[in-house]
Structure formats: structure tokens, C-alpha cells
$ cat query12.pdb   # PDB, C-alpha atoms, pLDDT in the B column
ATOM      1  CA  MET A 184     -21.507  -7.194  -8.756  1.00 40.00           C
ATOM      2  CA  SER A 185     -18.604  -6.489 -11.049  1.00 41.00           C
ATOM      3  CA  GLU A 186     -16.912  -4.207  -8.481  1.00 42.00           C
ATOM      4  CA  GLU A 187     -16.535  -7.223  -6.198  1.00 42.00           C
ATOM      5  CA  ARG A 188     -14.337  -9.335  -8.442  1.00 48.00           C
ATOM      6  CA  PRO A 189     -10.784  -9.578  -7.122  1.00 46.00           C
ATOM      7  CA  ASP A 190     -10.034 -11.872 -10.045  1.00 51.00           C
ATOM      8  CA  ASP A 191      -9.719  -8.788 -12.247  1.00 59.00           C
ATOM      9  CA  TYR A 192      -6.361  -8.070 -10.630  1.00 66.00           C
ATOM     10  CA  GLN A 193      -4.301 -10.574 -12.554  1.00 70.00           C
ATOM     11  CA  ALA A 194      -0.532 -10.225 -12.438  1.00 69.00           C
ATOM     12  CA  GLY A 195       0.563  -7.899 -15.242  1.00 72.00           C
ATOM     13  CA  SER A 196      -2.739  -6.076 -15.655  1.00 77.00           C
ATOM     14  CA  PRO A 197      -2.591  -2.255 -15.500  1.00 76.00           C
ATOM     15  CA  ALA A 198      -4.828  -2.190 -12.414  1.00 75.00           C
ATOM     16  CA  ARG A 199      -2.623  -4.708 -10.628  1.00 78.00           C
ATOM     17  CA  LEU A 200       0.425  -2.696 -11.571  1.00 77.00           C
ATOM     18  CA  ALA A 201      -1.195   0.396 -10.080  1.00 77.00           C
ATOM     19  CA  LEU A 202      -2.029  -1.514  -6.903  1.00 77.00           C
ATOM     20  CA  ASP A 203       1.606  -2.596  -6.673  1.00 77.00           C
ATOM     21  CA  VAL A 204       2.727   1.033  -6.971  1.00 78.00           C
ATOM     22  CA  LEU A 205       0.442   1.978  -4.081  1.00 75.00           C
ATOM     23  CA  ALA A 206       1.497  -1.054  -2.075  1.00 74.00           C
ATOM     24  CA  HIS A 207       5.126   0.011  -2.158  1.00 77.00           C
ATOM     25  CA  LYS A 208       6.220   0.718   1.413  1.00 75.00           C
ATOM     26  CA  TRP A 209       7.123   4.374   0.845  1.00 85.00           C
ATOM     27  CA  THR A 210       4.751   5.517  -1.931  1.00 87.00           C
ATOM     28  CA  LEU A 211       2.020   6.809   0.371  1.00 85.00           C
ATOM     29  CA  LEU A 212       4.343   8.608   2.730  1.00 86.00           C
ATOM     30  CA  ILE A 213       6.121  10.280  -0.191  1.00 92.00           C
ATOM     31  CA  VAL A 214       2.820  11.326  -1.806  1.00 91.00           C
ATOM     32  CA  LEU A 215       1.516  12.669   1.514  1.00 88.00           C
ATOM     33  CA  ALA A 216       4.765  14.584   1.999  1.00 91.00           C
ATOM     34  CA  LEU A 217       4.545  16.183  -1.466  1.00 94.00           C
ATOM     35  CA  LYS A 218       0.847  17.076  -1.269  1.00 92.00           C
ATOM     36  CA  ARG A 219       1.557  20.667  -0.315  1.00 89.00           C
ATOM     37  CA  GLY A 220       4.164  21.302  -2.990  1.00 94.00           C
ATOM     38  CA  PRO A 221       7.681  20.442  -4.172  1.00 96.00           C
ATOM     39  CA  LEU A 222      10.411  19.592  -1.687  1.00 96.00           C
ATOM     40  CA  ARG A 223      14.154  19.154  -1.799  1.00 96.00           C
ATOM     41  CA  PHE A 224      15.548  15.730  -1.072  1.00 96.00           C
ATOM     42  CA  SER A 225      16.646  16.575   2.477  1.00 95.00           C
ATOM     43  CA  ARG A 226      13.270  18.076   3.434  1.00 94.00           C
ATOM     44  CA  LEU A 227      11.447  15.126   1.878  1.00 94.00           C
ATOM     45  CA  GLN A 228      13.624  12.687   3.804  1.00 93.00           C
ATOM     46  CA  ALA A 229      12.825  14.537   7.034  1.00 91.00           C
ATOM     47  CA  SER A 230       9.093  14.242   6.259  1.00 88.00           C
ATOM     48  CA  VAL A 231       9.301  10.520   5.521  1.00 86.00           C
ATOM     49  CA  ALA A 232      10.816   9.630   8.872  1.00 78.00           C
ATOM     50  CA  GLY A 233      12.739   6.382   8.966  1.00 79.00           C
ATOM     51  CA  VAL A 234      13.706   6.167   5.305  1.00 87.00           C
ATOM     52  CA  SER A 235      17.405   5.957   4.429  1.00 91.00           C
ATOM     53  CA  SER A 236      18.893   8.147   1.684  1.00 95.00           C
ATOM     54  CA  GLU A 237      19.512   5.111  -0.503  1.00 94.00           C
ATOM     55  CA  VAL A 238      15.975   3.761  -0.183  1.00 92.00           C
ATOM     56  CA  LEU A 239      14.452   7.207  -0.715  1.00 95.00           C
ATOM     57  CA  SER A 240      16.585   7.711  -3.853  1.00 95.00           C
ATOM     58  CA  THR A 241      15.480   4.375  -5.249  1.00 94.00           C
ATOM     59  CA  SER A 242      11.828   5.018  -4.369  1.00 93.00           C
ATOM     60  CA  LEU A 243      11.901   8.443  -6.024  1.00 96.00           C
ATOM     61  CA  ARG A 244      13.423   6.995  -9.187  1.00 94.00           C
ATOM     62  CA  GLU A 245      10.739   4.305  -9.308  1.00 92.00           C
ATOM     63  CA  LEU A 246       7.960   6.835  -8.740  1.00 94.00           C
ATOM     64  CA  GLU A 247       9.460   9.039 -11.457  1.00 95.00           C
ATOM     65  CA  ARG A 248       9.467   6.035 -13.792  1.00 95.00           C
ATOM     66  CA  ASP A 249       5.823   5.399 -12.901  1.00 93.00           C
ATOM     67  CA  GLY A 250       4.880   8.986 -13.719  1.00 95.00           C
ATOM     68  CA  ILE A 251       3.886   9.800 -10.118  1.00 95.00           C
ATOM     69  CA  ILE A 252       6.576  12.359  -9.303  1.00 97.00           C
ATOM     70  CA  GLU A 253       8.898  14.556 -11.313  1.00 96.00           C
ATOM     71  CA  ARG A 254      12.393  15.757 -10.605  1.00 95.00           C
ATOM     72  CA  LEU A 255      12.703  19.522 -11.062  1.00 95.00           C
ATOM     73  CA  ASP A 256      16.295  20.450 -11.833  1.00 93.00           C
ATOM     74  CA  TYR A 257      16.576  24.241 -11.759  1.00 90.00           C
ATOM     75  CA  ALA A 258      20.094  24.257 -13.257  1.00 86.00           C
ATOM     76  CA  THR A 259      21.078  27.136 -11.013  1.00 90.00           C
ATOM     77  CA  ALA A 260      24.374  27.686  -9.266  1.00 89.00           C
ATOM     78  CA  PRO A 261      24.493  26.174  -6.719  1.00 88.00           C
ATOM     79  CA  PRO A 262      22.407  23.339  -8.218  1.00 87.00           C
ATOM     80  CA  ARG A 263      18.871  23.068  -6.875  1.00 91.00           C
ATOM     81  CA  VAL A 264      16.719  19.980  -7.327  1.00 94.00           C
ATOM     82  CA  GLU A 265      13.197  19.476  -6.041  1.00 97.00           C
ATOM     83  CA  TYR A 266      10.647  16.699  -6.268  1.00 97.00           C
ATOM     84  CA  ASP A 267       7.002  17.313  -7.063  1.00 97.00           C
ATOM     85  CA  LEU A 268       3.852  15.351  -7.779  1.00 97.00           C
ATOM     86  CA  THR A 269       2.914  15.097 -11.456  1.00 97.00           C
ATOM     87  CA  GLU A 270      -0.691  15.522 -12.588  1.00 96.00           C
ATOM     88  CA  LEU A 271      -0.997  11.726 -12.395  1.00 95.00           C
ATOM     89  CA  GLY A 272       0.640  11.730  -8.969  1.00 95.00           C
ATOM     90  CA  ALA A 273      -1.843  14.329  -7.734  1.00 95.00           C
ATOM     91  CA  THR A 274      -4.669  11.876  -8.469  1.00 93.00           C
ATOM     92  CA  LEU A 275      -3.197   9.731  -5.685  1.00 90.00           C
ATOM     93  CA  CYS A 276      -4.128  12.338  -3.089  1.00 88.00           C
ATOM     94  CA  GLU A 277      -7.727  11.097  -2.996  1.00 86.00           C
ATOM     95  CA  PRO A 278      -6.965   7.441  -2.133  1.00 86.00           C
ATOM     96  CA  ALA A 279      -4.100   8.635   0.074  1.00 84.00           C
ATOM     97  CA  LYS A 280      -6.631  10.661   2.058  1.00 83.00           C
ATOM     98  CA  ALA A 281      -8.864   7.595   2.515  1.00 85.00           C
ATOM     99  CA  ILE A 282      -5.892   5.513   3.610  1.00 84.00           C
ATOM    100  CA  ARG A 283      -4.744   8.200   5.950  1.00 82.00           C
ATOM    101  CA  ALA A 284      -8.195   8.482   7.517  1.00 87.00           C
ATOM    102  CA  TRP A 285      -8.146   4.724   8.048  1.00 89.00           C
ATOM    103  CA  ALA A 286      -4.679   4.806   9.577  1.00 86.00           C
ATOM    104  CA  ASP A 287      -5.682   7.624  11.930  1.00 87.00           C
ATOM    105  CA  ALA A 288      -8.902   5.900  12.963  1.00 91.00           C
ATOM    106  CA  HIS A 289      -7.631   2.328  13.294  1.00 91.00           C
ATOM    107  CA  GLY A 290      -3.894   2.449  13.937  1.00 88.00           C
ATOM    108  CA  ALA A 291      -4.367   1.991  17.672  1.00 90.00           C
ATOM    109  CA  ALA A 292      -6.651  -1.028  17.112  1.00 93.00           C
ATOM    110  CA  VAL A 293      -4.026  -2.682  14.891  1.00 91.00           C
ATOM    111  CA  LEU A 294      -1.399  -2.100  17.558  1.00 90.00           C
ATOM    112  CA  ALA A 295      -3.686  -3.556  20.254  1.00 93.00           C
ATOM    113  CA  ALA A 296      -4.427  -6.620  18.085  1.00 94.00           C
ATOM    114  CA  ARG A 297      -0.722  -7.156  17.591  1.00 91.00           C
ATOM    115  CA  HIS A 298      -0.041  -7.025  21.321  1.00 92.00           C
ATOM    116  CA  ARG A 299      -2.882  -9.474  22.036  1.00 94.00           C
ATOM    117  CA  TYR A 300      -1.602 -11.878  19.381  1.00 94.00           C
ATOM    118  CA  ASP A 301       1.926 -11.794  20.745  1.00 94.00           C
ATOM    119  CA  GLN A 302       0.665 -12.697  24.217  1.00 93.00           C
ATOM    120  CA  LEU A 303      -1.258 -15.771  23.077  1.00 88.00           C
ATOM    121  CA  PRO A 304       0.325 -19.114  23.979  1.00 85.00           C
ATOM    122  CA  ARG A 305       1.668 -20.799  20.818  1.00 74.00           C
ATOM    123  CA  ASN A 306       1.343 -24.538  20.335  1.00 62.00           C
TER     124      ASN A 306
ATOM    125  CA  MET B 219      -4.307  22.476   7.907  1.00 40.00           C
ATOM    126  CA  SER B 220      -3.644  19.657  10.299  1.00 41.00           C
ATOM    127  CA  GLU B 221      -4.688  17.049   7.715  1.00 42.00           C
ATOM    128  CA  GLU B 222      -1.732  18.118   5.576  1.00 42.00           C
ATOM    129  CA  ARG B 223       1.051  17.260   8.008  1.00 48.00           C
ATOM    130  CA  PRO B 224       3.054  14.235   6.862  1.00 46.00           C
ATOM    131  CA  ASP B 225       5.273  14.737   9.890  1.00 52.00           C
ATOM    132  CA  ASP B 226       2.616  13.057  12.014  1.00 59.00           C
ATOM    133  CA  TYR B 227       3.632   9.704  10.543  1.00 66.00           C
ATOM    134  CA  GLN B 228       6.722   9.124  12.638  1.00 70.00           C
ATOM    135  CA  ALA B 229       8.185   5.627  12.714  1.00 69.00           C
ATOM    136  CA  GLY B 230       6.509   3.650  15.488  1.00 71.00           C
ATOM    137  CA  SER B 231       3.309   5.729  15.687  1.00 77.00           C
ATOM    138  CA  PRO B 232       0.024   3.794  15.410  1.00 76.00           C
ATOM    139  CA  ALA B 233      -0.920   5.654  12.210  1.00 75.00           C
ATOM    140  CA  ARG B 234       2.419   4.844  10.633  1.00 78.00           C
ATOM    141  CA  LEU B 235       2.019   1.231  11.654  1.00 77.00           C
ATOM    142  CA  ALA B 236      -1.396   1.168   9.989  1.00 77.00           C
ATOM    143  CA  LEU B 237       0.072   2.702   6.833  1.00 77.00           C
ATOM    144  CA  ASP B 238       2.720  -0.011   6.820  1.00 77.00           C
ATOM    145  CA  VAL B 239       0.022  -2.693   7.059  1.00 78.00           C
ATOM    146  CA  LEU B 240      -1.722  -1.198   4.033  1.00 75.00           C
ATOM    147  CA  ALA B 241       1.534  -0.777   2.169  1.00 74.00           C
ATOM    148  CA  HIS B 242       2.297  -4.476   2.412  1.00 77.00           C
ATOM    149  CA  LYS B 243       2.366  -5.875  -1.104  1.00 75.00           C
ATOM    150  CA  TRP B 244      -0.490  -8.359  -0.621  1.00 85.00           C
ATOM    151  CA  THR B 245      -2.738  -6.716   1.987  1.00 87.00           C
ATOM    152  CA  LEU B 246      -5.037  -4.972  -0.472  1.00 85.00           C
ATOM    153  CA  LEU B 247      -5.441  -7.940  -2.753  1.00 86.00           C
ATOM    154  CA  ILE B 248      -6.231 -10.212   0.195  1.00 92.00           C
ATOM    155  CA  VAL B 249      -8.762  -7.729   1.612  1.00 91.00           C
ATOM    156  CA  LEU B 250     -10.394  -7.310  -1.799  1.00 88.00           C
ATOM    157  CA  ALA B 251     -10.552 -11.094  -2.181  1.00 91.00           C
ATOM    158  CA  LEU B 252     -12.247 -11.546   1.213  1.00 94.00           C
ATOM    159  CA  LYS B 253     -14.749  -8.700   0.800  1.00 92.00           C
ATOM    160  CA  ARG B 254     -17.528 -11.046  -0.215  1.00 89.00           C
ATOM    161  CA  GLY B 255     -16.996 -13.539   2.592  1.00 94.00           C
ATOM    162  CA  PRO B 256     -14.671 -16.226   3.948  1.00 96.00           C
ATOM    163  CA  LEU B 257     -12.526 -18.313   1.627  1.00 96.00           C
ATOM    164  CA  ARG B 258     -10.393 -21.400   1.924  1.00 96.00           C
ATOM    165  CA  PHE B 259      -6.685 -21.063   1.371  1.00 96.00           C
ATOM    166  CA  SER B 260      -6.737 -22.532  -2.146  1.00 95.00           C
ATOM    167  CA  ARG B 261      -9.586 -20.289  -3.295  1.00 94.00           C
ATOM    168  CA  LEU B 262      -7.914 -17.267  -1.751  1.00 94.00           C
ATOM    169  CA  GLN B 263      -4.655 -18.105  -3.486  1.00 93.00           C
ATOM    170  CA  ALA B 264      -6.491 -18.341  -6.808  1.00 91.00           C
ATOM    171  CA  SER B 265      -8.020 -14.891  -6.220  1.00 88.00           C
ATOM    172  CA  VAL B 266      -4.679 -13.317  -5.344  1.00 86.00           C
ATOM    173  CA  ALA B 267      -3.018 -14.301  -8.602  1.00 78.00           C
ATOM    174  CA  GLY B 268       0.749 -14.499  -8.510  1.00 79.00           C
ATOM    175  CA  VAL B 269       1.212 -15.145  -4.787  1.00 87.00           C
ATOM    176  CA  SER B 270       3.080 -18.284  -3.731  1.00 91.00           C
ATOM    177  CA  SER B 271       1.707 -20.551  -0.970  1.00 95.00           C
ATOM    178  CA  GLU B 272       4.570 -19.606   1.315  1.00 94.00           C
ATOM    179  CA  VAL B 273       4.134 -15.865   0.865  1.00 92.00           C
ATOM    180  CA  LEU B 274       0.343 -16.114   1.217  1.00 95.00           C
ATOM    181  CA  SER B 275       0.734 -18.151   4.437  1.00 95.00           C
ATOM    182  CA  THR B 276       3.102 -15.569   5.880  1.00 93.00           C
ATOM    183  CA  SER B 277       0.875 -12.666   4.803  1.00 93.00           C
ATOM    184  CA  LEU B 278      -2.194 -14.278   6.357  1.00 96.00           C
ATOM    185  CA  ARG B 279      -0.365 -14.856   9.634  1.00 94.00           C
ATOM    186  CA  GLU B 280       0.754 -11.219   9.696  1.00 92.00           C
ATOM    187  CA  LEU B 281      -2.744  -9.970   8.916  1.00 94.00           C
ATOM    188  CA  GLU B 282      -4.121 -12.243  11.641  1.00 95.00           C
ATOM    189  CA  ARG B 283      -1.583 -10.771  14.057  1.00 94.00           C
ATOM    190  CA  ASP B 284      -2.673  -7.273  13.009  1.00 93.00           C
ATOM    191  CA  GLY B 285      -6.320  -8.108  13.673  1.00 95.00           C
ATOM    192  CA  ILE B 286      -7.322  -7.713  10.005  1.00 95.00           C
ATOM    193  CA  ILE B 287      -8.298 -11.302   9.247  1.00 97.00           C
ATOM    194  CA  GLU B 288      -9.249 -14.330  11.289  1.00 96.00           C
ATOM    195  CA  ARG B 289      -8.652 -17.993  10.725  1.00 95.00           C
ATOM    196  CA  LEU B 290     -11.849 -20.016  11.093  1.00 95.00           C
ATOM    197  CA  ASP B 291     -11.065 -23.604  12.012  1.00 93.00           C
ATOM    198  CA  TYR B 292     -14.280 -25.627  11.827  1.00 90.00           C
ATOM    199  CA  ALA B 293     -12.734 -28.704  13.505  1.00 86.00           C
ATOM    200  CA  THR B 294     -14.703 -30.980  11.213  1.00 89.00           C
ATOM    201  CA  ALA B 295     -13.584 -34.214   9.609  1.00 89.00           C
ATOM    202  CA  PRO B 296     -12.058 -33.680   7.119  1.00 88.00           C
ATOM    203  CA  PRO B 297     -10.599 -30.471   8.592  1.00 86.00           C
ATOM    204  CA  ARG B 298     -11.932 -27.250   7.107  1.00 91.00           C
ATOM    205  CA  VAL B 299     -10.219 -23.893   7.542  1.00 94.00           C
ATOM    206  CA  GLU B 300     -11.346 -20.575   6.109  1.00 97.00           C
ATOM    207  CA  TYR B 301     -10.079 -17.033   6.283  1.00 97.00           C
ATOM    208  CA  ASP B 302     -12.357 -14.068   6.882  1.00 97.00           C
ATOM    209  CA  LEU B 303     -12.128 -10.339   7.501  1.00 97.00           C
ATOM    210  CA  THR B 304     -12.540  -9.289  11.147  1.00 97.00           C
ATOM    211  CA  GLU B 305     -14.643  -6.272  12.071  1.00 96.00           C
ATOM    212  CA  LEU B 306     -11.422  -4.218  11.981  1.00 95.00           C
ATOM    213  CA  GLY B 307     -10.490  -5.780   8.632  1.00 95.00           C
ATOM    214  CA  ALA B 308     -13.880  -4.840   7.208  1.00 95.00           C
ATOM    215  CA  THR B 309     -13.081  -1.177   7.881  1.00 94.00           C
ATOM    216  CA  LEU B 310     -10.357  -1.548   5.245  1.00 90.00           C
ATOM    217  CA  CYS B 311     -12.978  -2.029   2.520  1.00 88.00           C
ATOM    218  CA  GLU B 312     -13.545   1.728   2.285  1.00 86.00           C
ATOM    219  CA  PRO B 313      -9.907   2.744   1.575  1.00 86.00           C
ATOM    220  CA  ALA B 314      -9.526  -0.409  -0.524  1.00 84.00           C
ATOM    221  CA  LYS B 315     -12.395   0.833  -2.685  1.00 83.00           C
ATOM    222  CA  ALA B 316     -10.713   4.219  -3.162  1.00 85.00           C
ATOM    223  CA  ILE B 317      -7.437   2.542  -4.052  1.00 84.00           C
ATOM    224  CA  ARG B 318      -9.165   0.199  -6.406  1.00 82.00           C
ATOM    225  CA  ALA B 319     -10.940   3.065  -8.160  1.00 87.00           C
ATOM    226  CA  TRP B 320      -7.565   4.755  -8.575  1.00 89.00           C
ATOM    227  CA  ALA B 321      -5.946   1.606  -9.933  1.00 86.00           C
ATOM    228  CA  ASP B 322      -8.792   1.108 -12.406  1.00 87.00           C
ATOM    229  CA  ALA B 323      -8.722   4.733 -13.555  1.00 91.00           C
ATOM    230  CA  HIS B 324      -4.962   5.268 -13.719  1.00 91.00           C
ATOM    231  CA  GLY B 325      -3.301   1.885 -14.193  1.00 88.00           C
ATOM    232  CA  ALA B 326      -2.925   2.412 -17.923  1.00 90.00           C
ATOM    233  CA  ALA B 327      -1.357   5.863 -17.385  1.00 93.00           C
ATOM    234  CA  VAL B 328       1.223   4.382 -15.000  1.00 91.00           C
ATOM    235  CA  LEU B 329       2.068   1.704 -17.547  1.00 90.00           C
ATOM    236  CA  ALA B 330       2.423   4.315 -20.300  1.00 93.00           C
ATOM    237  CA  ALA B 331       4.670   6.478 -18.089  1.00 94.00           C
ATOM    238  CA  ARG B 332       6.848   3.471 -17.385  1.00 91.00           C
ATOM    239  CA  HIS B 333       7.231   2.709 -21.091  1.00 92.00           C
ATOM    240  CA  ARG B 334       8.109   6.319 -21.858  1.00 94.00           C
ATOM    241  CA  TYR B 335      10.697   6.395 -19.076  1.00 94.00           C
ATOM    242  CA  ASP B 336      12.324   3.183 -20.262  1.00 94.00           C
ATOM    243  CA  GLN B 337      12.723   4.623 -23.756  1.00 93.00           C
ATOM    244  CA  LEU B 338      14.496   7.796 -22.645  1.00 88.00           C
ATOM    245  CA  PRO B 339      18.216   7.918 -23.365  1.00 85.00           C
ATOM    246  CA  ARG B 340      20.196   7.643 -20.106  1.00 74.00           C
ATOM    247  CA  ASN B 341      23.315   9.661 -19.551  1.00 62.00           C
TER     248      ASN B 341
END

$ encode --input "query12.pdb" --output "C-alpha cells"
Amino acid sequence: MSEERPDDYQAGSPARLALDVLAHKWTLLIVLALKRGPLRFSRLQASVAGVSSEVLSTSLRELERDGIIERLDYATAPPRVEYDLTELGATLCEPAKAIRAWADAHGAAVLAARHRYDQLPRN
Amino acid sequence: MSEERPDDYQAGSPARLALDVLAHKWTLLIVLALKRGPLRFSRLQASVAGVSSEVLSTSLRELERDGIIERLDYATAPPRVEYDLTELGATLCEPAKAIRAWADAHGAAVLAARHRYDQLPRN
């Protein structure tokens, strides 16, 4: 079956590129955080617990470059900037939902496996 | 709606841990490569184009620790070792399919966005 061929994901192919975007550590958490609407940087950082300002800034710039999010600069005084999903970024909500369902259902099993592994004698 | 709360994914929670497993650069490609059955290291490396032996070894050990894959050592002469998805790992095929569909459908759009961004004048 053609849908079973991992060999399609050669380095440099558009599909592989897209997989790499999704495989970035913070992409999913940022997309999940923006699902309900635009957020300021500080609110976004609070939603993506554990991310530093520097790493979040870099991630947002990369996701902007990839067309997933946009930076809304309202040019008001005082300045107000928000981040939002683009139309392309909104298409990520579907796989993000599947991933999230998996994480909710199997997170505890992964944690248990990790504990078991760490208690095995190593030779 | 409770399914909309990114705040559930606090650092250290099982769901966040599971998201981190999925967000690892090579997890998806390895899972997609093993969907059809066990593979030897060399065949797996060929399927996950662009991964070095060292990085693939490390990734496989981490995924084994997380209960996603298992190492099948047949103890034959000459030695034969294969890698396979565990029952838990097989549950990843569903989100992997959703991600893959997204990558296939939107990879070109991400690439185009990236080109556009790189051609914008920076100030």
C-alpha cells in the first residue's frame, strides 16, 4: 500500500519538512495554546509551561517563517503584539487533536515503561 | 471546553511527557518505518533517510526506554537483531497517520511560506 512507504520521507522533501516542523519540541504546545485565539507573548509563555522567553521567541519566529503563526502588531500606544494561528496553522489543529488524544490516553503508560526500564539491571 | 485547555500540559505531567516523546525529531519517522513490521538496524536507517547511526542508536534506546519499540535479539549465529513496535508503540500509528496526512497535504505550503519569508526585507 502506498500509504505505508516511509521511504517517501526523504530529507528535503516537502512532507519531510512538514514532519520536522511538527517534530519541533514546542510546535504542538504552541499550536494547542493558540487554538482558541490570539495571545500576547506573556500569556502564551504561561500556557506553554517550561519554555524560556528566548526559546519561545525563537520558536515563534520559526513558526512565523513556516507560515504557521502570524505576529499581529496593533501599532497602538502602548504597543500591543499578539500571536495567532494562520489559516495554514489552523490545519494543524486536526493532527494536534490526534496527538493530544494519544498523549492523554498513553502518557501514563510511557511513564511506567520508563520507570521499568530504569530499574532493569544493565550489563 | 476541557479539550481546549493547553494549561493541562504542565512540565512533568504524563501527557506532556508523551507530547515530548512525539515531538522528538525522529520518533515519527521511526514509527512510520516500523509500521509494517520489524526491521534490522541497517534497513531502518535506510528508511529514516538522513539519520546518522549514532543518532538512530540513541533514538532507538530512548524509544525502548519509553516502551514504544522493542529490541528483538534472536541469539542466532550470526547474531540477528531487529526492532519492532510494542503494543504501546502501535497505538502511535493513529496520530502518526494524522500527522502524515497533514505533512502530505501541507508540506508544499510550508515550503512556500518559508521562501516568502526569506525574501522579505528585514529591518

$ closest_residue --input "query12.pdb" --among "A:Ser196, A:Val234, A:Pro278, A:Glu247" --to "chain B" --atoms "all atoms listed in the file"
A:Pro278

$ resolve_selection --input "query12.pdb" --expression "the ChimeraX specification (/B :<8) & /A" --output "MDAnalysis selection string"
chainID A and resid 187:190 192:194 197:203 205:209 211:212 215:216 218:219 230:233 248:251 271 274:275 277:278 281:283 285:287 289:294 296:297 300:301

$ atom_distance --input "query12.pdb" --atom1 "CA of Pro339 (chain B)" --atom2 "CA of Tyr257 (chain A)"
20.1 Å

$ atom_distance --input "query12.pdb" --atom1 "CA of Thr259 (chain A)" --atom2 "CA of Gly220 (chain A)"
19.6 Å

$ atom_distance --input "query12.pdb" --atom1 "CA of Glu237 (chain A)" --atom2 "CA of Ala260 (chain A)"
24.7 Å

$ residues_around --input "query12.pdb" --residues "Asp302 (chain B)" --least-positions-apart "5" --cutoff "8 Å" --atoms "all atoms listed in the file" --output "NGL selection string"
:B and (252 or 255-257 or 287-290)

$ decode --input "query12.pdb" --residues "region 192-205 of chain A" --atoms "N, CA, C and O atoms" --output "mmCIF file, in the first residue's frame"
data_model
loop_
_atom_site.group_PDB
_atom_site.id
_atom_site.type_symbol
_atom_site.label_atom_id
_atom_site.label_comp_id
_atom_site.auth_asym_id
_atom_site.auth_seq_id
_atom_site.Cartn_x
_atom_site.Cartn_y
_atom_site.Cartn_z
ATOM 1 N N TYR A 192 9.626 9.844 2.739
ATOM 2 C CA TYR A 192 10.020 10.986 3.547
ATOM 3 C C TYR A 192 11.510 11.254 3.469
ATOM 4 O O TYR A 192 12.203 11.256 4.458
ATOM 5 N N GLN A 193 11.988 11.448 2.254
ATOM 6 C CA GLN A 193 13.407 11.740 2.072
ATOM 7 C C GLN A 193 13.720 13.134 2.596
ATOM 8 O O GLN A 193 12.891 14.040 2.540
ATOM 9 N N ALA A 194 14.962 13.270 3.103
ATOM 10 C CA ALA A 194 15.405 14.578 3.590
ATOM 11 C C ALA A 194 15.223 15.601 2.473
ATOM 12 O O ALA A 194 15.579 15.350 1.325
ATOM 13 N N GLY A 195 14.632 16.744 2.807
ATOM 14 C CA GLY A 195 14.457 17.813 1.828
ATOM 15 C C GLY A 195 13.124 17.802 1.119
ATOM 16 O O GLY A 195 12.761 18.792 0.489
ATOM 17 N N SER A 196 12.362 16.721 1.239
ATOM 18 C CA SER A 196 11.048 16.693 0.594
ATOM 19 C C SER A 196 10.084 17.566 1.400
ATOM 20 O O SER A 196 10.260 17.736 2.604
ATOM 21 N N PRO A 197 9.056 18.132 0.741
ATOM 22 C CA PRO A 197 8.101 18.971 1.472
ATOM 23 C C PRO A 197 7.453 18.230 2.636
ATOM 24 O O PRO A 197 7.277 18.790 3.725
ATOM 25 N N ALA A 198 7.108 16.952 2.445
ATOM 26 C CA ALA A 198 6.441 16.211 3.512
ATOM 27 C C ALA A 198 7.384 16.017 4.707
ATOM 28 O O ALA A 198 6.974 16.103 5.867
ATOM 29 N N ARG A 199 8.653 15.773 4.419
ATOM 30 C CA ARG A 199 9.623 15.607 5.487
ATOM 31 C C ARG A 199 9.822 16.914 6.242
ATOM 32 O O ARG A 199 9.935 16.943 7.468
ATOM 33 N N LEU A 200 9.857 17.988 5.473
ATOM 34 C CA LEU A 200 9.954 19.319 6.074
ATOM 35 C C LEU A 200 8.791 19.549 7.034
ATOM 36 O O LEU A 200 8.965 20.019 8.164
ATOM 37 N N ALA A 201 7.593 19.199 6.580
ATOM 38 C CA ALA A 201 6.403 19.390 7.414
ATOM 39 C C ALA A 201 6.475 18.520 8.669
ATOM 40 O O ALA A 201 6.091 18.937 9.755
ATOM 41 N N LEU A 202 6.975 17.298 8.518
ATOM 42 C CA LEU A 202 7.150 16.437 9.685
ATOM 43 C C LEU A 202 8.127 17.066 10.667
ATOM 44 O O LEU A 202 7.931 17.016 11.876
ATOM 45 N N ASP A 203 9.195 17.665 10.135
ATOM 46 C CA ASP A 203 10.188 18.299 11.003
ATOM 47 C C ASP A 203 9.581 19.473 11.773
ATOM 48 O O ASP A 203 9.910 19.701 12.933
ATOM 49 N N VAL A 204 8.689 20.212 11.111
ATOM 50 C CA VAL A 204 8.020 21.332 11.781
ATOM 51 C C VAL A 204 7.213 20.810 12.973
ATOM 52 O O VAL A 204 7.284 21.327 14.084
ATOM 53 N N LEU A 205 6.473 19.721 12.724
ATOM 54 C CA LEU A 205 5.651 19.129 13.781
ATOM 55 C C LEU A 205 6.496 18.496 14.871
ATOM 56 O O LEU A 205 6.071 18.416 16.026
#
